[in-house]
Amino acid sequence: MAHDEKLIQKLAETAKIIRRDAVEMIRAGKLGWIGGSFSQADIITALVFHHMKHDPKNQEMAERDRLIVSKAHCCETVYAALGEAGYFSKELYRSYGQMGATLQAHTERIVPGVEYSGGSLGEGLSFALGQALAARIDAPRDSSGRAVPRYRVFCIIGDGESNEGQIWEAVMAALHYKADNLVAILDHNKFQSGGTVEERLNMMPWVDKWKAFGWDTIEIDGHDFEAILTALENADKAKGKPHAIIAHTIKCKGVPSFEHKNLHFGNISDEMYAEAMKALK
Ligand SMILES: Cc1ncc(C[n+]2csc(CCOP(=O)(O)OP(=O)(O)O)c2C)c(N)n1
């Protein structure tokens with residue numbers, strides 16, 4: 001069923017705020033990961049501002065859903081979403097990337113609301129699986145005696161990151177443990193740091209691969225809120241298997257003149273800043 005238009009509009013507006021705040025952070029720190037931060041921004045917005053169960057006023061709530069951003073370099077839109085949600089003061093944005101600051105250029109658990117410290121790619125899905133399995137400890141049982149996990153775990157991974165073998169170890173283990181409270185979302189923005197994923201190490205077709213590993217798998221437009229929300233809700237319904245959402249995204253999505261270029265890491269010039277603020281009004 002289609003979602004309320006007002007909800008979709010609100011999410012789209014929030015995603016603009018998230019991207020704008022990410023731009024401000026990158027300017028403040030004079031460096032950042034604009035491409036992968038922007039490609040995942042709509043997925044993060046849908047999760048943090050609608051789908052996930054969490055409470056910035058009760059941050060350690062045991063039953064909170066977990067968001068693990070395995071491609072932890074894409075930290076700016078994670079920080080922007082958490083700041084917007086009220087996990088910490090937006091004042092922190094101004095010290096992003098600076099010596100001694102809380103907000104550094106890879107996500108770290110010292111930041112309120114961040115669940116995963118990363119940087120070395122390939123590890124987050126294993127961590128997320130561990131969290132998904134931990135949700136069964138002391139969990140209530142259904143009528144057949146099966147543990148009903150106390151929370152869900154959402155893990156964003158990169159297409160370049162998927163070159164790492166450890167991703168596929170986690171994929172196999174998650175099926176073995178029937179971790180149906182685990183949702184992996186592939187931010188398929190077609191680029192990694194040094195070029196396209198196709199020319200570096202082609203792992204396509206993604207859907208066939210995840211299905212072959214036994215996961216409940218679908219493919220969506222990762223910038224279409226209706227599609228994102230529907231995919232997340234369907235993942236709740238399908239039991240007995242972990243879930244993969246292959247999200248087609250655009251690197252640097254949100255500022256037309258940046259899109260499809262591999263703006264992977266760097267600063268934002270005055271000219272780029274003006275373009276970004278115009279596009280994200
Ligand atoms: C184990 C490891 N190898 C290499 C790197 C360096 N590195 C940082 S980002 C990146 C590219 C990642 O590509 P992708 O997962 O597609 O991320 P996105 O394009 O969304 O930024 C690489 C190779 C790293 N952080 N960790």
# chains A, B, ... in the order shown; residues from 1 in each chain; ligands from 1
call {"tool": "residues_around", "arguments": {"residues": "Gly97 of chain A", "least_positions_apart": "6", "cutoff": "9 Å", "atoms": "only C-alpha atoms", "output": "VMD selection string"}}
result
chain A and resid 25 to 26 28 to 32 103 to 105
call {"tool": "write_last_selection", "arguments": {"atoms": "N, CA, C and O atoms", "output": "compact mmCIF listing (two decimals), in the first residue's frame"}}
result
# COMPACT_ATOMS: atom_id res chain seq x y z
N MET A 25 29.39 20.34 7.46
CA MET A 25 30.44 19.61 8.19
C MET A 25 31.71 19.50 7.35
O MET A 25 32.82 19.73 7.85
N ILE A 26 31.53 19.13 6.10
CA ILE A 26 32.70 18.93 5.21
C ILE A 26 33.45 20.26 5.04
O ILE A 26 34.68 20.30 5.08
N ALA A 28 33.49 22.66 7.25
CA ALA A 28 34.14 22.98 8.53
C ALA A 28 35.43 22.18 8.69
O ALA A 28 36.44 22.69 9.15
N GLY A 29 35.39 20.90 8.30
CA GLY A 29 36.56 20.04 8.46
C GLY A 29 37.52 20.12 7.29
O GLY A 29 38.60 19.53 7.33
N LYS A 30 37.10 20.79 6.21
CA LYS A 30 37.88 20.93 4.98
C LYS A 30 38.17 19.58 4.33
O LYS A 30 39.15 19.40 3.59
N LEU A 31 37.37 18.57 4.65
CA LEU A 31 37.49 17.26 4.02
C LEU A 31 36.24 16.46 4.33
O LEU A 31 35.53 16.75 5.30
N GLY A 32 35.99 15.46 3.49
CA GLY A 32 34.84 14.61 3.77
C GLY A 32 34.51 13.70 2.60
O GLY A 32 35.18 13.72 1.57
N LEU A 103 33.31 14.37 16.48
CA LEU A 103 32.91 13.91 15.14
C LEU A 103 34.13 13.79 14.24
O LEU A 103 34.68 14.81 13.80
N GLN A 104 34.58 12.58 14.03
CA GLN A 104 35.74 12.35 13.17
C GLN A 104 35.30 11.75 11.84
O GLN A 104 34.13 11.41 11.65
N ALA A 105 36.25 11.58 10.92
CA ALA A 105 35.90 11.25 9.54
C ALA A 105 35.56 9.77 9.28
O ALA A 105 35.43 9.36 8.13
call {"tool": "residues_near_ligand", "arguments": {"ligand": "ligand 1", "cutoff": "10 Å", "atoms": "only C-alpha atoms and all ligand atoms", "output": "ChimeraX atom specification"}}
result
/A:33-40,70-75,106,118-123,156-164,166,186-197,249-252,262-265
call {"tool": "select_by_dssp", "arguments": {"residues": "segment 7-115 of chain A", "states": "strand (DSSP E)", "output": "list in words"}}
result
Arg66, Leu67, Ile68 and Val69 of chain A
call {"tool": "closest_residue", "arguments": {"among": "A:Glu219, A:Ala173, A:Ala85, A:Arg64", "to": "Ala135 of chain A", "atoms": "only C-alpha atoms"}}
result
A:Arg64
call {"tool": "select_by_dssp", "arguments": {"residues": "segment 15-198 of chain A", "states": "alpha helix (DSSP H)", "output": "ChimeraX atom specification"}}
result
/A:15-29,34-39,41-46,76-85,124-134,165-176,197-198
call {"tool": "residues_around", "arguments": {"residues": "Met172 of chain A", "least_positions_apart": "2", "cutoff": "12 Å", "atoms": "only C-alpha atoms", "output": "list of chain:residue names"}}
result
A:Leu125, A:Ser126, A:Leu129, A:Gly165, A:Gln166, A:Ile167, A:Trp168, A:Glu169, A:Ala170, A:Ala174, A:Leu175, A:His176, A:Tyr177, A:Lys178, A:Ala179, A:Lys209, A:Trp210, A:Lys211, A:Ala212, A:Phe213, A:Gly214, A:Trp215, A:Lys241, A:Pro242
call {"tool": "write_last_selection", "arguments": {"atoms": "C-alpha atoms", "output": "PDB file, in the first residue's frame"}}
result
ATOM      1  CA  LEU A 125      28.030  -6.930   8.407  1.00  0.00           C
ATOM      2  CA  SER A 126      29.718  -9.434  10.751  1.00  0.00           C
ATOM      3  CA  LEU A 129      25.053 -10.233  12.533  1.00  0.00           C
ATOM      4  CA  GLY A 165      35.699 -11.530   1.604  1.00  0.00           C
ATOM      5  CA  GLN A 166      34.479 -11.009   5.152  1.00  0.00           C
ATOM      6  CA  ILE A 167      31.197  -9.629   3.798  1.00  0.00           C
ATOM      7  CA  TRP A 168      30.497 -13.013   2.225  1.00  0.00           C
ATOM      8  CA  GLU A 169      31.465 -14.914   5.378  1.00  0.00           C
ATOM      9  CA  ALA A 170      28.825 -12.887   7.221  1.00  0.00           C
ATOM     10  CA  ALA A 174      23.527 -15.096   8.645  1.00  0.00           C
ATOM     11  CA  LEU A 175      21.666 -17.649   6.536  1.00  0.00           C
ATOM     12  CA  HIS A 176      22.950 -20.497   8.692  1.00  0.00           C
ATOM     13  CA  TYR A 177      21.588 -18.756  11.793  1.00  0.00           C
ATOM     14  CA  LYS A 178      18.339 -17.738  10.017  1.00  0.00           C
ATOM     15  CA  ALA A 179      18.905 -14.151  11.171  1.00  0.00           C
ATOM     16  CA  LYS A 209      24.452 -13.395  -5.941  1.00  0.00           C
ATOM     17  CA  TRP A 210      22.536 -12.572  -2.734  1.00  0.00           C
ATOM     18  CA  LYS A 211      19.713 -14.914  -3.751  1.00  0.00           C
ATOM     19  CA  ALA A 212      22.224 -17.690  -4.414  1.00  0.00           C
ATOM     20  CA  PHE A 213      23.400 -17.246  -0.819  1.00  0.00           C
ATOM     21  CA  GLY A 214      19.797 -17.850   0.274  1.00  0.00           C
ATOM     22  CA  TRP A 215      18.849 -14.319   1.367  1.00  0.00           C
ATOM     23  CA  LYS A 241      15.932 -15.731   6.318  1.00  0.00           C
ATOM     24  CA  PRO A 242      18.050 -12.567   6.452  1.00  0.00           C
TER      25      PRO A 242
END
call {"tool": "closest_residue", "arguments": {"among": "A:Arg200, A:Arg136, A:His248, A:His50", "to": "Glu233 of chain A", "atoms": "only C-alpha atoms"}}
result
A:His50
call {"tool": "closest_residue", "arguments": {"among": "A:Ile268, A:Val255, A:Val183, A:Tyr273", "to": "Ala238 of chain A", "atoms": "only C-alpha atoms"}}
result
A:Val183
call {"tool": "closest_residue", "arguments": {"among": "A:Ile220, A:Ala80, A:Val114, A:Ala12", "to": "Glu60 of chain A", "atoms": "only C-alpha atoms"}}
result
A:Val114
call {"tool": "residues_around", "arguments": {"residues": "Lys281 of chain A", "least_positions_apart": "2", "cutoff": "10 Å", "atoms": "only C-alpha atoms", "output": "ChimeraX atom specification"}}
result
/A:13,16-17,20,276-279
call {"tool": "atom_distance", "arguments": {"atom1": "atom CA of Tyr79 of chain A", "atom2": "atom CA of Asp270 of chain A"}}
result
22.5 Å
call {"tool": "closest_residue", "arguments": {"among": "A:Phe49, A:Leu82, A:Gly124, A:Tyr151", "to": "Ile137 of chain A", "atoms": "only C-alpha atoms"}}
result
A:Tyr151
call {"tool": "closest_residue", "arguments": {"among": "A:Ala244, A:Val171, A:Asp180, A:Gly222", "to": "Val207 of chain A", "atoms": "only C-alpha atoms"}}
result
A:Ala244
call {"tool": "residues_around", "arguments": {"residues": "Ile44 of chain A", "least_positions_apart": "6", "cutoff": "9 Å", "atoms": "only C-alpha atoms", "output": "ChimeraX atom specification"}}
result
/A:15,67,77-78,81,156
